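Novice: The structure file protein.pdb (PDB, C-alpha atoms and all ligand atoms) is provided below.
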ATOM      1  CA  MET A   1     119.697-144.355 120.855
ATOM      2  CA  THR A   2     116.092-144.070 119.755
ATOM      3  CA  ALA A   3     115.197-141.828 116.852
ATOM      4  CA  LYS A   4     113.296-138.617 117.416
ATOM      5  CA  ILE A   5     109.862-138.860 115.747
ATOM      6  CA  ILE A   6     109.175-136.205 113.130
ATOM      7  CA  ASP A   7     105.430-135.770 113.618
ATOM      8  CA  GLY A   8     103.906-134.807 110.271
ATOM      9  CA  ARG A   9     100.365-134.858 111.673
ATOM     10  CA  LEU A  10     101.308-132.235 114.259
ATOM     11  CA  VAL A  11     103.092-129.988 111.757
ATOM     12  CA  ALA A  12     100.246-130.364 109.238
ATOM     13  CA  ASP A  13      97.563-129.535 111.829
ATOM     14  CA  ARG A  14      99.483-126.443 112.925
ATOM     15  CA  MET A  15      99.888-125.286 109.324
ATOM     16  CA  GLN A  16      96.215-125.931 108.533
ATOM     17  CA  VAL A  17      95.148-123.721 111.462
ATOM     18  CA  ALA A  18      97.287-120.914 109.987
ATOM     19  CA  ILE A  19      95.879-121.562 106.482
ATOM     20  CA  ALA A  20      92.294-121.362 107.832
ATOM     21  CA  GLU A  21      93.144-117.906 109.270
ATOM     22  CA  ASP A  22      94.656-116.890 105.948
ATOM     23  CA  VAL A  23      91.497-118.025 104.139
ATOM     24  CA  LYS A  24      89.453-115.711 106.362
ATOM     25  CA  ALA A  25      91.772-112.787 105.600
ATOM     26  CA  PHE A  26      91.493-113.541 101.860
ATOM     27  CA  VAL A  27      87.675-113.724 101.991
ATOM     28  CA  ALA A  28      87.595-110.377 103.825
ATOM     29  CA  GLN A  29      89.525-108.757 100.965
ATOM     30  CA  ALA A  30      88.294-110.618  97.893
ATOM     31  CA  GLY A  31      84.699-111.274  98.958
ATOM     32  CA  PHE A  32      84.941-114.955  97.995
ATOM     33  CA  PRO A  33      87.050-117.921  99.143
ATOM     34  CA  PRO A  34      90.148-119.401  97.486
ATOM     35  CA  GLY A  35      89.204-122.294  95.204
ATOM     36  CA  LEU A  36      90.742-125.626  94.210
ATOM     37  CA  GLY A  37      89.649-127.492  91.079
ATOM     38  CA  VAL A  38      90.176-131.237  90.986
ATOM     39  CA  VAL A  39      90.150-133.545  87.963
ATOM     40  CA  LEU A  40      89.902-137.282  88.598
ATOM     41  CA  VAL A  41      89.534-139.733  85.726
ATOM     42  CA  GLY A  42      88.454-143.284  86.514
ATOM     43  CA  ASP A  43      87.694-145.130  89.713
ATOM     44  CA  ASN A  44      91.086-146.145  91.128
ATOM     45  CA  PRO A  45      90.154-146.524  94.828
ATOM     46  CA  ALA A  46      93.403-145.000  96.139
ATOM     47  CA  SER A  47      93.097-141.969  93.818
ATOM     48  CA  ALA A  48      89.414-141.522  94.668
ATOM     49  CA  GLN A  49      90.298-141.638  98.371
ATOM     50  CA  TYR A  50      93.090-139.036  97.935
ATOM     51  CA  VAL A  51      90.705-136.747  96.069
ATOM     52  CA  ARG A  52      88.028-137.084  98.781
ATOM     53  CA  MET A  53      90.628-136.272 101.440
ATOM     54  CA  LYS A  54      91.878-133.242  99.509
ATOM     55  CA  ARG A  55      88.364-131.855  99.035
ATOM     56  CA  LYS A  56      87.509-132.499 102.698
ATOM     57  CA  ALA A  57      90.636-130.611 103.754
ATOM     58  CA  CYS A  58      89.577-127.663 101.547
ATOM     59  CA  GLU A  59      86.218-127.595 103.303
ATOM     60  CA  LYS A  60      87.873-127.744 106.716
ATOM     61  CA  VAL A  61      89.975-124.612 106.072
ATOM     62  CA  GLY A  62      87.099-122.761 104.350
ATOM     63  CA  MET A  63      88.244-123.146 100.729
ATOM     64  CA  HIS A  64      85.890-123.761  97.855
ATOM     65  CA  SER A  65      86.439-126.855  95.701
ATOM     66  CA  VAL A  66      85.109-127.983  92.353
ATOM     67  CA  GLY A  67      85.404-131.616  91.282
ATOM     68  CA  HIS A  68      85.390-133.002  87.753
ATOM     69  CA  LEU A  69      84.994-136.697  88.525
ATOM     70  CA  LEU A  70      85.114-138.280  85.080
ATOM     71  CA  PRO A  71      84.486-141.896  84.064
ATOM     72  CA  LEU A  72      87.373-144.209  83.189
ATOM     73  CA  ASP A  73      86.483-144.238  79.477
ATOM     74  CA  SER A  74      86.508-140.424  79.144
ATOM     75  CA  SER A  75      88.042-139.162  75.909
ATOM     76  CA  GLN A  76      91.093-136.904  75.759
ATOM     77  CA  ALA A  77      88.772-134.061  74.652
ATOM     78  CA  VAL A  78      86.554-134.423  77.722
ATOM     79  CA  VAL A  79      89.542-134.315  80.104
ATOM     80  CA  GLU A  80      90.952-131.299  78.234
ATOM     81  CA  GLU A  81      87.589-129.519  78.517
ATOM     82  CA  ALA A  82      87.606-130.055  82.298
ATOM     83  CA  VAL A  83      91.062-128.464  82.587
ATOM     84  CA  GLU A  84      90.076-125.605  80.260
ATOM     85  CA  SER A  85      86.979-124.813  82.286
ATOM     86  CA  LEU A  86      89.032-124.685  85.509
ATOM     87  CA  ASN A  87      91.685-122.519  83.778
ATOM     88  CA  ALA A  88      88.951-120.061  82.783
ATOM     89  CA  ASP A  89      87.141-119.989  86.158
ATOM     90  CA  PRO A  90      88.123-116.856  88.158
ATOM     91  CA  ARG A  91      86.985-118.506  91.416
ATOM     92  CA  ILE A  92      89.520-121.327  90.933
ATOM     93  CA  HIS A  93      93.110-120.576  92.004
ATOM     94  CA  GLY A  94      94.593-124.060  91.966
ATOM     95  CA  ILE A  95      94.134-127.075  89.694
ATOM     96  CA  LEU A  96      94.945-130.617  90.707
ATOM     97  CA  VAL A  97      94.864-133.353  88.096
ATOM     98  CA  GLN A  98      95.041-136.575  90.065
ATOM     99  CA  LEU A  99      97.756-138.930  88.784
ATOM    100  CA  PRO A 100      98.170-141.475  87.372
ATOM    101  CA  MET A 101      95.722-140.864  84.522
ATOM    102  CA  PRO A 102      94.274-143.820  82.573
ATOM    103  CA  LYS A 103      96.621-145.124  79.823
ATOM    104  CA  ALA A 104      94.391-143.822  77.017
ATOM    105  CA  ILE A 105      94.888-140.224  78.181
ATOM    106  CA  ASP A 106      97.907-138.192  77.073
ATOM    107  CA  GLU A 107      98.954-137.240  80.610
ATOM    108  CA  ALA A 108     101.921-135.107  79.511
ATOM    109  CA  HIS A 109      99.661-132.977  77.327
ATOM    110  CA  ILE A 110      97.114-132.549  80.126
ATOM    111  CA  MET A 111      99.889-131.424  82.511
ATOM    112  CA  SER A 112     101.071-128.868  79.951
ATOM    113  CA  MET A 113      97.539-127.415  79.600
ATOM    114  CA  VAL A 114      97.188-126.414  83.262
ATOM    115  CA  SER A 115      97.538-122.645  83.581
ATOM    116  CA  LEU A 116     100.977-121.868  85.091
ATOM    117  CA  GLU A 117      99.351-119.492  87.601
ATOM    118  CA  LYS A 118      97.106-122.333  88.841
ATOM    119  CA  ASP A 119      99.638-125.195  88.718
ATOM    120  CA  VAL A 120      99.522-125.824  92.484
ATOM    121  CA  ASP A 121     100.808-129.387  91.971
ATOM    122  CA  GLY A 122     103.900-128.005  90.213
ATOM    123  CA  PHE A 123     103.781-130.689  87.496
ATOM    124  CA  HIS A 124     103.570-128.392  84.453
ATOM    125  CA  PRO A 125     106.714-129.136  82.386
ATOM    126  CA  ILE A 126     107.759-125.472  82.639
ATOM    127  CA  ASN A 127     107.586-125.601  86.441
ATOM    128  CA  ILE A 128     109.512-128.890  86.590
ATOM    129  CA  GLY A 129     112.038-127.396  84.135
ATOM    130  CA  ARG A 130     112.478-124.329  86.327
ATOM    131  CA  LEU A 131     112.895-126.563  89.388
ATOM    132  CA  ALA A 132     115.715-128.368  87.575
ATOM    133  CA  GLN A 133     117.588-125.186  86.697
ATOM    134  CA  LYS A 134     119.885-123.076  88.782
ATOM    135  CA  GLY A 135     118.641-119.543  89.361
ATOM    136  CA  ARG A 136     115.095-120.276  88.134
ATOM    137  CA  GLU A 137     112.094-120.613  90.422
ATOM    138  CA  PRO A 138     108.909-122.580  89.618
ATOM    139  CA  SER A 139     105.595-120.860  90.395
ATOM    140  CA  PHE A 140     104.832-123.831  92.697
ATOM    141  CA  THR A 141     106.687-126.917  93.904
ATOM    142  CA  PRO A 142     104.987-130.354  94.090
ATOM    143  CA  ALA A 143     103.099-131.087  97.293
ATOM    144  CA  THR A 144     104.700-134.293  98.616
ATOM    145  CA  PRO A 145     108.329-133.212  97.976
ATOM    146  CA  THR A 146     107.577-129.821  99.541
ATOM    147  CA  GLY A 147     106.105-131.606 102.551
ATOM    148  CA  CYS A 148     109.339-133.631 102.877
ATOM    149  CA  MET A 149     111.410-130.441 102.778
ATOM    150  CA  VAL A 150     109.242-128.788 105.454
ATOM    151  CA  LEU A 151     109.644-131.846 107.716
ATOM    152  CA  LEU A 152     113.440-131.766 107.271
ATOM    153  CA  LYS A 153     113.381-128.104 108.286
ATOM    154  CA  GLU A 154     111.166-128.905 111.285
ATOM    155  CA  ALA A 155     113.687-131.579 112.325
ATOM    156  CA  GLY A 156     116.422-128.926 112.225
ATOM    157  CA  VAL A 157     118.417-130.659 109.472
ATOM    158  CA  ASN A 158     121.177-128.633 107.846
ATOM    159  CA  LEU A 159     121.116-129.732 104.199
ATOM    160  CA  ASP A 160     124.084-127.625 103.146
ATOM    161  CA  GLY A 161     126.652-130.162 101.889
ATOM    162  CA  ALA A 162     124.747-133.093 103.452
ATOM    163  CA  ASN A 163     124.674-136.469 101.685
ATOM    164  CA  ALA A 164     121.047-137.070 100.753
ATOM    165  CA  VAL A 165     119.862-140.313  99.190
ATOM    166  CA  VAL A 166     116.489-140.494  97.464
ATOM    167  CA  ILE A 167     115.150-144.014  96.903
ATOM    168  CA  GLY A 168     112.713-143.948  93.977
ATOM    169  CA  ARG A 169     112.602-141.822  90.818
ATOM    170  CA  SER A 170     108.888-141.146  90.217
ATOM    171  CA  ASN A 171     107.685-137.937  88.559
ATOM    172  CA  ILE A 172     105.510-137.258  91.614
ATOM    173  CA  VAL A 173     108.061-137.678  94.427
ATOM    174  CA  GLY A 174     111.561-139.080  93.753
ATOM    175  CA  MET A 175     112.616-136.838  90.889
ATOM    176  CA  PRO A 176     111.216-133.527  92.214
ATOM    177  CA  VAL A 177     112.409-134.121  95.800
ATOM    178  CA  ALA A 178     115.923-134.841  94.469
ATOM    179  CA  LEU A 179     115.836-131.524  92.586
ATOM    180  CA  MET A 180     114.635-129.684  95.700
ATOM    181  CA  LEU A 181     117.364-131.236  97.855
ATOM    182  CA  MET A 182     119.952-130.204  95.268
ATOM    183  CA  LYS A 183     118.570-126.642  95.251
ATOM    184  CA  ALA A 184     119.019-126.727  99.054
ATOM    185  CA  ASN A 185     122.741-127.539  98.506
ATOM    186  CA  ALA A 186     122.646-131.226  99.451
ATOM    187  CA  THR A 187     124.782-133.758  97.567
ATOM    188  CA  VAL A 188     122.104-135.972  96.081
ATOM    189  CA  THR A 189     122.165-139.614  94.969
ATOM    190  CA  ILE A 190     119.078-141.266  93.499
ATOM    191  CA  CYS A 191     118.659-145.026  93.942
ATOM    192  CA  HIS A 192     115.941-146.958  92.120
ATOM    193  CA  SER A 193     114.854-150.453  91.174
ATOM    194  CA  ARG A 194     117.923-150.950  88.915
ATOM    195  CA  THR A 195     120.542-149.621  91.346
ATOM    196  CA  ARG A 196     123.064-152.371  92.180
ATOM    197  CA  ASN A 197     124.386-151.249  95.553
ATOM    198  CA  THR A 198     121.506-149.405  97.221
ATOM    199  CA  ALA A 199     122.405-150.640 100.741
ATOM    200  CA  GLU A 200     125.963-149.348 100.419
ATOM    201  CA  ILE A 201     124.816-145.972  99.057
ATOM    202  CA  VAL A 202     122.172-145.560 101.787
ATOM    203  CA  ARG A 203     124.847-146.302 104.431
ATOM    204  CA  GLY A 204     126.599-143.070 103.417
ATOM    205  CA  ALA A 205     123.465-140.931 103.732
ATOM    206  CA  ASP A 206     122.874-138.200 106.309
ATOM    207  CA  VAL A 207     119.337-137.880 104.940
ATOM    208  CA  VAL A 208     117.251-140.682 103.399
ATOM    209  CA  ILE A 209     114.030-140.051 101.478
ATOM    210  CA  ALA A 210     112.333-143.397 100.828
ATOM    211  CA  ALA A 211     109.807-143.187  97.980
ATOM    212  CA  ILE A 212     109.992-146.492  96.121
ATOM    213  CA  GLY A 213     106.562-147.886  97.053
ATOM    214  CA  GLN A 214     107.806-151.211  98.482
ATOM    215  CA  PRO A 215     106.771-152.213 102.015
ATOM    216  CA  ASN A 216     109.674-152.195 104.516
ATOM    217  CA  TYR A 217     112.230-151.933 101.669
ATOM    218  CA  VAL A 218     114.876-150.201 103.791
ATOM    219  CA  PRO A 219     116.001-152.213 106.855
ATOM    220  CA  GLY A 220     117.568-150.457 109.827
ATOM    221  CA  ASP A 221     121.009-151.925 109.111
ATOM    222  CA  TRP A 222     121.173-149.940 105.846
ATOM    223  CA  LEU A 223     121.111-146.695 107.824
ATOM    224  CA  LYS A 224     124.041-144.675 109.052
ATOM    225  CA  PRO A 225     123.616-144.119 112.822
ATOM    226  CA  GLY A 226     121.942-140.740 113.325
ATOM    227  CA  ALA A 227     120.570-140.481 109.764
ATOM    228  CA  VAL A 228     117.368-138.501 109.259
ATOM    229  CA  VAL A 229     114.742-140.636 107.523
ATOM    230  CA  ILE A 230     111.667-139.381 105.671
ATOM    231  CA  ASP A 231     109.396-142.275 104.709
ATOM    232  CA  VAL A 232     107.073-141.380 101.832
ATOM    233  CA  GLY A 233     105.747-144.909 101.314
ATOM    234  CA  THR A 234     102.142-145.794 102.150
ATOM    235  CA  ASN A 235     101.900-149.480 101.326
ATOM    236  CA  ARG A 236      98.776-151.490 102.087
ATOM    237  CA  VAL A 237      99.679-154.909 103.493
ATOM    238  CA  ASP A 238      97.560-157.780 104.800
ATOM    239  CA  ASP A 239      97.225-157.783 108.577
ATOM    240  CA  PRO A 240      94.908-160.372 110.143
ATOM    241  CA  THR A 241      95.367-158.722 113.560
ATOM    242  CA  ASN A 242      93.694-155.563 112.260
ATOM    243  CA  GLU A 243      89.879-155.609 112.070
ATOM    244  CA  LYS A 244      89.993-154.265 108.493
ATOM    245  CA  GLY A 245      92.329-157.124 107.518
ATOM    246  CA  TYR A 246      95.035-154.735 106.323
ATOM    247  CA  THR A 247      97.317-152.029 107.563
ATOM    248  CA  PHE A 248      99.649-149.420 106.042
ATOM    249  CA  VAL A 249     103.416-149.605 106.298
ATOM    250  CA  GLY A 250     106.144-147.383 104.916
ATOM    251  CA  ASP A 251     109.090-148.055 102.615
ATOM    252  CA  VAL A 252     111.325-148.180 105.707
ATOM    253  CA  ASP A 253     111.211-150.988 108.242
ATOM    254  CA  TYR A 254     110.251-148.740 111.140
ATOM    255  CA  GLU A 255     111.040-151.144 113.995
ATOM    256  CA  SER A 256     114.615-151.833 112.909
ATOM    257  CA  ALA A 257     115.209-148.217 111.803
ATOM    258  CA  LEU A 258     114.083-146.677 115.104
ATOM    259  CA  PRO A 259     117.174-147.600 117.168
ATOM    260  CA  VAL A 260     119.579-146.487 114.388
ATOM    261  CA  ALA A 261     118.117-143.308 112.878
ATOM    262  CA  GLY A 262     118.546-139.877 114.448
ATOM    263  CA  ALA A 263     115.025-138.856 113.415
ATOM    264  CA  ILE A 264     112.279-140.580 111.444
ATOM    265  CA  THR A 265     108.728-140.035 110.185
ATOM    266  CA  LYS A 266     105.935-142.492 110.945
ATOM    267  CA  VAL A 267     103.535-144.154 108.506
ATOM    268  CA  PRO A 268     100.767-143.096 108.772
ATOM    269  CA  GLY A 269     101.156-139.674 110.403
ATOM    270  CA  GLY A 270     104.316-138.510 108.651
ATOM    271  CA  VAL A 271     104.463-137.288 105.069
ATOM    272  CA  GLY A 272     100.802-138.097 104.194
ATOM    273  CA  PRO A 273      99.154-135.222 106.091
ATOM    274  CA  MET A 274     101.853-132.850 104.779
ATOM    275  CA  THR A 275     100.965-133.539 101.125
ATOM    276  CA  ILE A 276      97.425-132.224 101.537
ATOM    277  CA  THR A 277      98.617-129.290 103.619
ATOM    278  CA  MET A 278     101.165-128.201 100.997
ATOM    279  CA  LEU A 279      98.469-128.351  98.326
ATOM    280  CA  LEU A 280      96.287-126.050 100.455
ATOM    281  CA  ALA A 281      99.267-123.740 101.073
ATOM    282  CA  ASN A 282      99.991-123.525  97.330
ATOM    283  CA  THR A 283      96.327-122.800  96.583
ATOM    284  CA  MET A 284      96.392-120.023  99.178
ATOM    285  CA  LYS A 285      99.563-118.583  97.651
ATOM    286  CA  SER A 286      97.934-118.629  94.218
ATOM    287  CA  ALA A 287      94.786-116.927  95.547
ATOM    288  CA  TRP A 288      96.795-114.038  97.031
ATOM    289  CA  ARG A 289      98.788-113.661  93.811
ATOM    290  CA  SER A 290      95.530-113.497  91.829
ATOM    291  CA  ILE A 291      94.596-110.306  93.669
ATOM    292  CA  GLY A 292      98.096-108.878  93.329
ATOM    293  CA  GLN A 293      99.416-109.856  96.771
ATOM    294  CA  GLY A 294     101.898-112.303  98.183
ATOM    295  CA  ALA A 295     105.122-113.808  96.879
TER     296      ALA A 295
HETATM  297  N1  LIG B 301      98.976-139.066  92.894
HETATM  298  C1  LIG B 301      99.691-139.435  93.996
HETATM  299  N2  LIG B 301     100.191-138.336  94.601
HETATM  300  C2  LIG B 301      99.788-137.263  93.875
HETATM  301  C3  LIG B 301      99.976-135.860  93.989
HETATM  302  O1  LIG B 301     100.644-135.353  94.895
HETATM  303  N3  LIG B 301      99.394-135.108  93.033
HETATM  304  C4  LIG B 301      98.679-135.642  92.016
HETATM  305  N4  LIG B 301      98.158-134.810  91.117
HETATM  306  N5  LIG B 301      98.482-136.931  91.880
HETATM  307  C5  LIG B 301      99.028-137.746  92.803
END
Translate this file's structure into structure tokens.

Specialist:
Amino acid sequence: MTAKIIDGRLVADRMQVAIAEDVKAFVAQAGFPPGLGVVLVGDNPASAQYVRMKRKACEKVGMHSVGHLLPLDSSQAVVEEAVESLNADPRIHGILVQLPMPKAIDEAHIMSMVSLEKDVDGFHPINIGRLAQKGREPSFTPATPTGCMVLLKEAGVNLDGANAVVIGRSNIVGMPVALMLMKANATVTICHSRTRNTAEIVRGADVVIAAIGQPNYVPGDWLKPGAVVIDVGTNRVDDPTNEKGYTFVGDVDYESALPVAGAITKVPGGVGPMTITMLLANTMKSAWRSIGQGA
């Protein structure tokens, strides 16, 4: 058996075409485009690259974007001012504060300052709290976990009562995706760097979400035959055969997983393109709500 490939690039492209149409419909009604505000502090190359990609994607679908690209030594007050100005700007419908923030910045406080209506990353503590509670709905859910859930739906996975194992417990992916899987009625186990018997736990999983940030961490022989695997990892590894000298691999050893899994995402071309797309979709949702329309 060879796993079916869950093609995130294809799903993301299809969704972005629909979002571009929705942007046009919004502009026709509001007279101006939906807007995303981005705050980036420091010069972490991966973060800077993510922010460039997010702003480029906005441009591609016709959204407006505003960037506050602040130096590494910015004070707490300067970062707070950037968030406040985006909160107050009627042309901005979504705010993205790129994480992680430099150590000197009180990240938790910054997250709590983002207007709930514009919290398109879903990281405001109230939104995370609502995500964790039965019968409560956050105004937005975080982009990467939402992308994982969309890909599971695309793959036709029935999560009701399924055993789902999340590997990794980050605030950005592991924790929120576990909460979303639980809301979708899966039985969820979270494995992390201190878990003693990860291989054994993963062997019982119908669905595996790998988000631990370690190249090829999950070998194929950890997987239950037919398991659906979503690989969130994007790990840069040396590769002398590549002209750049490096390549990106996931948290799952793709080659050994392919003959065992029922379906699997690729790296790159799996979850990555979905993250940006879900951010655009949340910004669109926020824009419609701001003029009294949409869910
Ligand atoms: N850093 C890595 N992924 C993300 C993300 O989805 N949102 C934000 N704000 N920062 C990130």

Novice: Go ahead and compute the interatomic distance for atom CA of Leu99 of chain A and atom CA of Asn171 of chain A, in Å to one decimal.

Specialist: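 So the answer is 10.0 Å.
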
Novice: I'd like to see the residues matched by the PyMOL selection byres (((not hetatm)) within 9 of (chain B and resi 301)) on this file, and ideally I'd get them as a list in words.

Specialist: Val38, Val39, Leu40, Ala46, Ser47, Tyr50, Val51, Ile95, Leu96, Val97, Gln98, Leu99, Pro100, Met101, Asp121, Gly122, Phe123, Pro142, Ala143, Thr144, Pro145, Ile172, Val173, Thr275, Ile276 and Leu279 of chain A

Novice: Using all atoms listed in the file, which residue out of A:Pro219, A:Gly226, A:Pro273, A:Gly129 lies closest to Leu179 of chain A?

Specialist: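 Smallest distance to Leu179 of chain A is found for A:Gly129.
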
Novice: For a quick check of understanding, using only C-alpha atoms, which of A:Ser139, A:Gln16, A:Thr265, A:Ser193 has the smallest distance to Arg169 of chain A?

Specialist: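 Once distances to Arg169 of chain A are computed over only C-alpha atoms, the minimum belongs to A:Ser193.
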
Novice: Mind giving me the straight-line distance from atom CA of Gly135 of chain A to atom CA of Glu117 of chain A in Å, one decimal?

Specialist: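 Those two atoms sit 19.4 Å apart.
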
Novice: Applying 12 Å and only C-alpha atoms, which residues near Lys153 of chain A remain after dropping the ones on its own chain fewer than 6 positions away? List them as a PDB file with C-alpha atoms, in the coordinates of the input.

Specialist:
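Result went into around.pdb, see below:
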ATOM      1  CA  ILE A   6     109.175-136.205 113.130  1.00  0.00           C
ATOM      2  CA  GLY A   8     103.906-134.807 110.271  1.00  0.00           C
ATOM      3  CA  VAL A  11     103.092-129.988 111.757  1.00  0.00           C
ATOM      4  CA  THR A 146     107.577-129.821  99.541  1.00  0.00           C
ATOM      5  CA  GLY A 147     106.105-131.606 102.551  1.00  0.00           C
ATOM      6  CA  LEU A 159     121.116-129.732 104.199  1.00  0.00           C
ATOM      7  CA  ASP A 160     124.084-127.625 103.146  1.00  0.00           C
ATOM      8  CA  LEU A 181     117.364-131.236  97.855  1.00  0.00           C
ATOM      9  CA  ALA A 184     119.019-126.727  99.054  1.00  0.00           C
ATOM     10  CA  VAL A 207     119.337-137.880 104.940  1.00  0.00           C
ATOM     11  CA  VAL A 228     117.368-138.501 109.259  1.00  0.00           C
ATOM     12  CA  ILE A 230     111.667-139.381 105.671  1.00  0.00           C
TER      13      ILE A 230
END

Novice: Which of these residues is nearest to Leu131 of chain A, using only C-alpha atoms: A:Lys183, A:Val249, A:Met1, A:Glu84?

Specialist: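 Among A:Lys183, A:Val249, A:Met1, A:Glu84, it is A:Lys183 that comes nearest to Leu131 of chain A.
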
Novice: Kindly give the distance, in Å, that separates atom CA of Gln49 of chain A and atom CA of Gly245 of chain A, rounded to a single decimal.

Specialist: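 Between atom CA of Gln49 of chain A and atom CA of Gly245 of chain A the gap is 18.1 Å.
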
Novice: Need to verify the contact set: Ala12 of chain A, 12 Å, all atoms listed in the file, exclusion of same-chain residues closer than 5 positions in sequence. Can you return it as a PDB file with C-alpha atoms, in the coordinates of the input?

Specialist:
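Result file part.pdb:
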ATOM      1  CA  ILE A   6     109.175-136.205 113.130  1.00  0.00           C
ATOM      2  CA  ASP A   7     105.430-135.770 113.618  1.00  0.00           C
ATOM      3  CA  VAL A  17      95.148-123.721 111.462  1.00  0.00           C
ATOM      4  CA  ALA A  18      97.287-120.914 109.987  1.00  0.00           C
ATOM      5  CA  ILE A  19      95.879-121.562 106.482  1.00  0.00           C
ATOM      6  CA  ALA A  57      90.636-130.611 103.754  1.00  0.00           C
ATOM      7  CA  GLY A 147     106.105-131.606 102.551  1.00  0.00           C
ATOM      8  CA  CYS A 148     109.339-133.631 102.877  1.00  0.00           C
ATOM      9  CA  VAL A 150     109.242-128.788 105.454  1.00  0.00           C
ATOM     10  CA  LEU A 151     109.644-131.846 107.716  1.00  0.00           C
ATOM     11  CA  GLU A 154     111.166-128.905 111.285  1.00  0.00           C
ATOM     12  CA  GLY A 269     101.156-139.674 110.403  1.00  0.00           C
ATOM     13  CA  GLY A 270     104.316-138.510 108.651  1.00  0.00           C
ATOM     14  CA  VAL A 271     104.463-137.288 105.069  1.00  0.00           C
ATOM     15  CA  GLY A 272     100.802-138.097 104.194  1.00  0.00           C
ATOM     16  CA  PRO A 273      99.154-135.222 106.091  1.00  0.00           C
ATOM     17  CA  MET A 274     101.853-132.850 104.779  1.00  0.00           C
ATOM     18  CA  THR A 275     100.965-133.539 101.125  1.00  0.00           C
ATOM     19  CA  ILE A 276      97.425-132.224 101.537  1.00  0.00           C
ATOM     20  CA  THR A 277      98.617-129.290 103.619  1.00  0.00           C
ATOM     21  CA  MET A 278     101.165-128.201 100.997  1.00  0.00           C
ATOM     22  CA  LEU A 279      98.469-128.351  98.326  1.00  0.00           C
ATOM     23  CA  LEU A 280      96.287-126.050 100.455  1.00  0.00           C
ATOM     24  CA  ALA A 281      99.267-123.740 101.073  1.00  0.00           C
TER      25      ALA A 281
END

Novice: Give the answer as one residue: which of A:Asn87, A:Gly35, A:Asp238, A:Leu70 has the shortest atom-to-atom distance to Cys58 of chain A, using only C-alpha atoms?

Specialist: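 Using only C-alpha atoms, the shortest distance to Cys58 of chain A belongs to A:Gly35.
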
Novice: For Arg130 of chain A, which of A:Ala30, A:Ile5, A:Met180, A:Ala162 is the closest residue, counting only C-alpha atoms?

Specialist: A:Met180

Novice: Here's the selection I'm unsure about, the PyMOL selection byres (((chain A and resi 248) around 10) and not hetatm); applied to the file above, which residues does it give, as a list of chain:residue names?

Specialist: A:Pro215, A:Gly233, A:Thr234, A:Asn235, A:Arg236, A:Val237, A:Asp238, A:Asp239, A:Tyr246, A:Thr247, A:Val249, A:Gly250, A:Val267, A:Pro268

Novice: For a cut-off of 9 Å around (95.1, -114.8, 98.3), file coordinates, pick out all residues using all atoms listed in the file and list them as a PDB file with C-alpha atoms, keeping the file's coordinate frame.

Specialist:
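The resulting part_25.pdb:
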ATOM      1  CA  ASP A  22      94.656-116.890 105.948  1.00  0.00           C
ATOM      2  CA  VAL A  23      91.497-118.025 104.139  1.00  0.00           C
ATOM      3  CA  ALA A  25      91.772-112.787 105.600  1.00  0.00           C
ATOM      4  CA  PHE A  26      91.493-113.541 101.860  1.00  0.00           C
ATOM      5  CA  VAL A  27      87.675-113.724 101.991  1.00  0.00           C
ATOM      6  CA  GLN A  29      89.525-108.757 100.965  1.00  0.00           C
ATOM      7  CA  ALA A  30      88.294-110.618  97.893  1.00  0.00           C
ATOM      8  CA  PRO A  33      87.050-117.921  99.143  1.00  0.00           C
ATOM      9  CA  PRO A  34      90.148-119.401  97.486  1.00  0.00           C
ATOM     10  CA  HIS A  93      93.110-120.576  92.004  1.00  0.00           C
ATOM     11  CA  THR A 283      96.327-122.800  96.583  1.00  0.00           C
ATOM     12  CA  MET A 284      96.392-120.023  99.178  1.00  0.00           C
ATOM     13  CA  LYS A 285      99.563-118.583  97.651  1.00  0.00           C
ATOM     14  CA  SER A 286      97.934-118.629  94.218  1.00  0.00           C
ATOM     15  CA  ALA A 287      94.786-116.927  95.547  1.00  0.00           C
ATOM     16  CA  TRP A 288      96.795-114.038  97.031  1.00  0.00           C
ATOM     17  CA  ARG A 289      98.788-113.661  93.811  1.00  0.00           C
ATOM     18  CA  SER A 290      95.530-113.497  91.829  1.00  0.00           C
ATOM     19  CA  ILE A 291      94.596-110.306  93.669  1.00  0.00           C
ATOM     20  CA  GLY A 292      98.096-108.878  93.329  1.00  0.00           C
ATOM     21  CA  GLN A 293      99.416-109.856  96.771  1.00  0.00           C
ATOM     22  CA  GLY A 294     101.898-112.303  98.183  1.00  0.00           C
TER      23      GLY A 294
END

Novice: When distances are computed from all atoms listed in the file, which of A:Lys103, A:Arg9, A:Lys224, A:His109 shows the smallest separation from Ala263 of chain A?

Specialist: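 Of the candidates, the smallest distance to Ala263 of chain A is held by A:Lys224.
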
Novice: For Thr189 of chain A, list every protein, DNA or RNA residue within 7 Å, evaluated using all atoms listed in the file, and leave out those in the same chain fewer than 6 positions away; present the list as a list in words.

Specialist: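 Final neighbour list, sorted by chain and number: Ala164, Val165 and Val166 of chain A.
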
Novice: Can I get the selection written as a PDB file, in the coordinates of the input, with C-alpha atoms?

Specialist:
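This is the output file selection14.pdb:
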ATOM      1  CA  ALA A 164     121.047-137.070 100.753  1.00  0.00           C
ATOM      2  CA  VAL A 165     119.862-140.313  99.190  1.00  0.00           C
ATOM      3  CA  VAL A 166     116.489-140.494  97.464  1.00  0.00           C
TER       4      VAL A 166
END

Novice: Could you give me the centre and size, in Å to one decimal, of an axis-aligned box around all listed atoms of segment 18-21 of chain A with 8 Å added on every side, as JSON?

Specialist:
{"center_x": 94.8, "center_y": -119.7, "center_z": 108.2, "size_x": 21.0, "size_y": 19.7, "size_z": 19.5}
